[in-house]
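Structure first, commentary second.
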Amino acid sequence: MKMSLKDRLAILSDAAKYDASCASSGGGRRDSAATGGLGSTTGMGICHAYAPDGRCISLLKILLTNFCIYDCAYCINRSSSNVARARFTPEEVVWLTLEFYRRNYIEGLFLSSGIIRSPDHTMAELVRVARELRLTHGFRGYIHLKTIPDAAPELIAEAGLFADRLSINVELPTERGLAELAPEKRPREIRQAMGDIRSRIEEGAEPTLRTRKRRRFAPAGQSTQMIVGACETSDAEILGTAGGLYDAYGLRRVYYSAFSPIPEASRRLPPVRPPLEREHRLYQADWLFRFYGFAPGEITAGRPDGMLDLEIDPKLAWALANRRLFPVDVNRAPREMLLRVPGFGVKTVGAILSARRHRRLGLDDLRRLRVSLPKVKPFITARGWTPLRLIDREDLRALVAPPAQLALL
């Protein structure tokens, strides 16, 4: 029986919810007012809205199809799964994107797909959507394409000409996990495809000798996603993999998605999902080594099991495990050490460095910077303030930890 467009949209938008790597930060400026066409990534008519965890909430996020020839144990769309199946044609995705944009529902498109027929066929369909939007309809909104690592390099190269961001999911943090739960996925090919995308992005960022202009290729970079809790992998291993991916492939983001139990699941999978606090702590730890100078390994070094503390944020946990390095003098300490003080953010540290050039700072100055004094006082010295033996108290964790909250649902 042929499904209506509305029914297929319900199935394929729901199937896309498991992909967390959906954000439009970093897109280049393309203003339709100056060049003609439809939509833009910035300017009048476009207002990027983000959820608290950074995900963009203004994209049409769908799968081209949830049919798939692969049988990855953790995926609800695996070939052996007994779920309702649906498929769009490329023309239907183009039409939906334009109509949703005209109604001011979205600012762009996030498009992924199950693998149908072959990786090359699927990738060609995804590229066709982006090409039609850009060239035929002059669409200048944001486009994020999920690329197929096994596809021909020339197809991925063409995708980068039309998409703002490309992403290839590594799926699981370790090769042993991938071999156990998704043996059809080949880690070497995934990383080779990510390396090719990085090379093309870097080439596009360099001005050409003839035109002195940069060649546009995925200007918002590339991202990836790891499923957390589908296999027995410690947070130390997850963060180590993420750090390696950032270094090797220049990723804009690594997304962490807590495993969600699926119907008729394999016995190799855990029967319950991991606590969502774990996903939250991984994002916080990711932020620490991206912007605060932490090495991935030292964030989890305080616990023998390599897991993050779910009750307190990773920065506070690190500080409590390294009390010998505190207190820090806010008027003399280098930027690198100030960034490690619980309660100090990047902007706060910048303001402290600027202000202390002109005067010695006290707690009243930090209060004006909207610093949480109860959280930072045990870890700093300032004009008129010394924590004395506060840093050595056995109950320090109870003093500085936030009050207990209900578990994330």
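Here, A, B, ... name the chains of the structure tokens in the order displayed, residue numbers run from 1 inside each chain, and ligands are numbered from 1 in the same displayed order.
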Item to complete: Can you pull out every residue within 10 Å of Arg370 in chain A, counting only C-alpha atoms, but drop anything in the same chain fewer than 5 positions away, and send it as a list in words?
Response: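 My reading of the contact set: Gly343, Phe344, Thr348, Asp364 and Asp365 of chain A.
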Can you list, as a compact mmCIF listing (two decimals) with N, CA and C atoms, in the first residue's frame, all residues belonging to range 232-347 of chain A that DSSP tags as strand (DSSP E)?
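Okay, this is what ended up in out16.txt:
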```txt
# COMPACT_ATOMS: atom_id res chain seq x y z
N ARG A 253 33.01 19.11 15.76
CA ARG A 253 32.35 18.56 16.94
C ARG A 253 32.38 17.04 16.91
N VAL A 254 32.51 16.47 18.10
CA VAL A 254 32.19 15.06 18.31
C VAL A 254 30.94 15.03 19.17
N TYR A 255 29.92 14.32 18.70
CA TYR A 255 28.66 14.22 19.44
C TYR A 255 28.60 12.88 20.15
N TYR A 256 28.03 12.90 21.34
CA TYR A 256 27.89 11.70 22.15
C TYR A 256 26.40 11.41 22.30
N SER A 257 26.00 10.22 21.93
CA SER A 257 24.58 9.86 21.97
C SER A 257 24.39 8.63 22.85
N ALA A 258 23.67 8.78 23.95
CA ALA A 258 23.42 7.66 24.85
C ALA A 258 22.62 6.57 24.13
N VAL A 328 44.88 28.89 43.95
CA VAL A 328 45.50 29.64 42.86
C VAL A 328 45.31 31.14 43.13
N ASP A 329 46.36 31.89 42.97
CA ASP A 329 46.30 33.35 43.16
C ASP A 329 45.73 34.00 41.90
```
Discussion item. DSSP on the backbone, helix (DSSP H, G or I) only: what residues of range 155-272 of chain A does that give? Format it as a PyMOL selection string.
Written reply: chain A and resi 155-162+175-181+187-205+235-249
Worksheet entry | Shortest interatomic distance to Gly243 in chain A - which of A:Pro304, A:Pro296, A:Glu203, A:Arg191, counting only C-alpha atoms |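 Using only C-alpha atoms, the shortest distance to Gly243 in chain A belongs to A:Pro296.
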Practice prompt. Enter the distance from CA of Leu126 in chain A to CA of Cys68 in chain A, in Å, rounded to one decimal.
Written response: 14.6 Å
Item to complete: Write out as a PyMOL selection string each polymer residue whose atoms come within 12 Å of Ile201 in chain A, counting only C-alpha atoms; drop sequence neighbours fewer than 3 positions from it.
Response: chain A and resi 156-157+159-161+163-166+194-198+204-206+214-222+249-252
Worksheet item: With only C-alpha atoms as the basis for distance, which of A:Arg303, A:Arg140, A:Arg78, A:Arg397 is at the shortest distance from Leu316 in chain A?
Response: A:Arg397
Item to complete: Considering only C-alpha atoms, state which residue in the set A:Ile148, A:Arg131, A:Gly297, A:Gly306 is at the smallest distance from Thr233 in chain A.
Response: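 Closest to Thr233 in chain A of all the choices is A:Gly306.
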Discussion item. Restricting the calculation to only C-alpha atoms: of A:Lys185, A:Arg273, A:Arg85, A:Arg117, which residue gets closest to Leu63 in chain A?
Written reply: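 Ranking A:Lys185, A:Arg273, A:Arg85, A:Arg117 by distance to Leu63 in chain A, first place goes to A:Arg85.
Taking only C-alpha atoms, the non-local environment of Lys375 in chain A within 7 Å (same-chain residues fewer than 3 positions away omitted) comprises A:Pro342, A:Gly343, A:Ser372, A:Val400.
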Practice prompt. Determine the nearest neighbour of Glu311 in chain A from the options A:Arg290, A:Arg281, A:Arg323, A:Arg367, counting only C-alpha atoms.
Written response: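 Closest candidate: A:Arg281.
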Discussion item. So the first atom is CA of Leu363 in chain A and the second is CA of Ile391 in chain A; what is the distance between them in Å, to one decimal place?
Written reply: 16.9 Å
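Each of A:Ser266, A:Thr300, A:Ser112, A:Thr65 was compared to Ala182 in chain A using only C-alpha atoms, and A:Ser266 turns out to be the nearest.
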Item to complete: For Ala152 in chain A, work out the shell of residues within 9 Å, counting only C-alpha atoms and skipping chain neighbours fewer than 5 positions away, then give it as JSON, numbers by chain.
Response: {"A": [119, 120, 123, 157]}
Print the selection's residues with all heavy atoms to a file, as a short mmCIF file (atom, residue, chain, number, x, y, z; two decimals), in the first residue's frame.
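Now in selection_29.cif:
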```cif
data_model
loop_
_atom_site.label_atom_id
_atom_site.label_comp_id
_atom_site.auth_asym_id
_atom_site.auth_seq_id
_atom_site.Cartn_x
_atom_site.Cartn_y
_atom_site.Cartn_z
N PRO A 119 26.47 1.76 -1.21
CA PRO A 119 26.90 3.06 -0.70
C PRO A 119 26.94 4.13 -1.79
O PRO A 119 26.55 5.28 -1.55
CB PRO A 119 28.29 2.77 -0.13
CG PRO A 119 28.24 1.33 0.27
CD PRO A 119 27.40 0.68 -0.79
N ASP A 120 27.40 3.77 -2.99
CA ASP A 120 27.49 4.75 -4.08
C ASP A 120 26.10 5.25 -4.49
O ASP A 120 25.89 6.45 -4.72
CB ASP A 120 28.20 4.14 -5.29
CG ASP A 120 29.71 4.11 -5.13
OD1 ASP A 120 30.20 4.64 -4.11
OD2 ASP A 120 30.39 3.54 -6.01
N MET A 123 24.77 7.57 -1.70
CA MET A 123 25.47 8.85 -1.68
C MET A 123 25.08 9.71 -2.87
O MET A 123 24.92 10.93 -2.75
CB MET A 123 26.99 8.60 -1.67
CG MET A 123 27.82 9.84 -1.32
SD MET A 123 27.61 10.31 0.40
CE MET A 123 27.23 12.05 0.22
N ALA A 157 33.35 14.22 -2.58
CA ALA A 157 33.92 15.50 -3.00
C ALA A 157 32.83 16.42 -3.55
O ALA A 157 32.82 17.62 -3.28
CB ALA A 157 35.00 15.27 -4.04
#
```
Discussion item. Between CA of Ala333 in chain A and CA of Leu353 in chain A, what distance in Å does the model show, to one decimal?
Written reply: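 So the two atoms, CA of Ala333 in chain A and CA of Leu353 in chain A, lie 9.3 Å apart.
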Worksheet item: Which residues come within 9 Å of Ile76 in chain A, counting only C-alpha atoms, excluding same-chain residues fewer than 4 positions away, as a PyMOL selection string?
Response: chain A and resi 15+72+81-83+261-263+265
Please produce an output containing N, CA, C and O atoms for each residue in the selection, written as a PDB file, in the first residue's frame.
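Done, and the output landed in result.pdb:
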```
ATOM      1  N   ALA A  15      12.768   8.488  12.611  1.00  0.00           N
ATOM      2  CA  ALA A  15      13.955   7.643  12.480  1.00  0.00           C
ATOM      3  C   ALA A  15      15.241   8.456  12.550  1.00  0.00           C
ATOM      4  O   ALA A  15      16.293   7.929  12.908  1.00  0.00           O
ATOM      5  N   CYS A  72      23.518  -3.557  11.575  1.00  0.00           N
ATOM      6  CA  CYS A  72      24.207  -3.132  12.787  1.00  0.00           C
ATOM      7  C   CYS A  72      23.309  -3.385  13.990  1.00  0.00           C
ATOM      8  O   CYS A  72      22.157  -2.941  14.021  1.00  0.00           O
ATOM      9  N   SER A  81      15.489  -5.506  11.419  1.00  0.00           N
ATOM     10  CA  SER A  81      14.541  -4.871  12.336  1.00  0.00           C
ATOM     11  C   SER A  81      13.130  -4.896  11.754  1.00  0.00           C
ATOM     12  O   SER A  81      12.922  -4.656  10.559  1.00  0.00           O
ATOM     13  N   ASN A  82      12.164  -5.134  12.622  1.00  0.00           N
ATOM     14  CA  ASN A  82      10.767  -5.179  12.198  1.00  0.00           C
ATOM     15  C   ASN A  82      10.108  -3.826  12.455  1.00  0.00           C
ATOM     16  O   ASN A  82       9.239  -3.674  13.307  1.00  0.00           O
ATOM     17  N   VAL A  83      10.537  -2.817  11.701  1.00  0.00           N
ATOM     18  CA  VAL A  83       9.971  -1.475  11.844  1.00  0.00           C
ATOM     19  C   VAL A  83       9.296  -1.079  10.536  1.00  0.00           C
ATOM     20  O   VAL A  83       9.579  -1.647   9.465  1.00  0.00           O
ATOM     21  N   PRO A 261      17.728   1.544  24.062  1.00  0.00           N
ATOM     22  CA  PRO A 261      17.292   0.174  23.743  1.00  0.00           C
ATOM     23  C   PRO A 261      16.268   0.160  22.622  1.00  0.00           C
ATOM     24  O   PRO A 261      15.408   1.037  22.530  1.00  0.00           O
ATOM     25  N   ILE A 262      16.375  -0.816  21.753  1.00  0.00           N
ATOM     26  CA  ILE A 262      15.515  -0.896  20.585  1.00  0.00           C
ATOM     27  C   ILE A 262      14.710  -2.195  20.622  1.00  0.00           C
ATOM     28  O   ILE A 262      15.096  -3.159  21.279  1.00  0.00           O
ATOM     29  N   PRO A 263      13.579  -2.244  19.925  1.00  0.00           N
ATOM     30  CA  PRO A 263      12.769  -3.465  19.923  1.00  0.00           C
ATOM     31  C   PRO A 263      13.525  -4.643  19.327  1.00  0.00           C
ATOM     32  O   PRO A 263      14.336  -4.487  18.405  1.00  0.00           O
ATOM     33  N   ALA A 265      15.962  -6.410  20.314  1.00  0.00           N
ATOM     34  CA  ALA A 265      17.399  -6.148  20.303  1.00  0.00           C
ATOM     35  C   ALA A 265      18.201  -7.436  20.453  1.00  0.00           C
ATOM     36  O   ALA A 265      17.737  -8.433  21.010  1.00  0.00           O
TER      37      ALA A 265
END
```
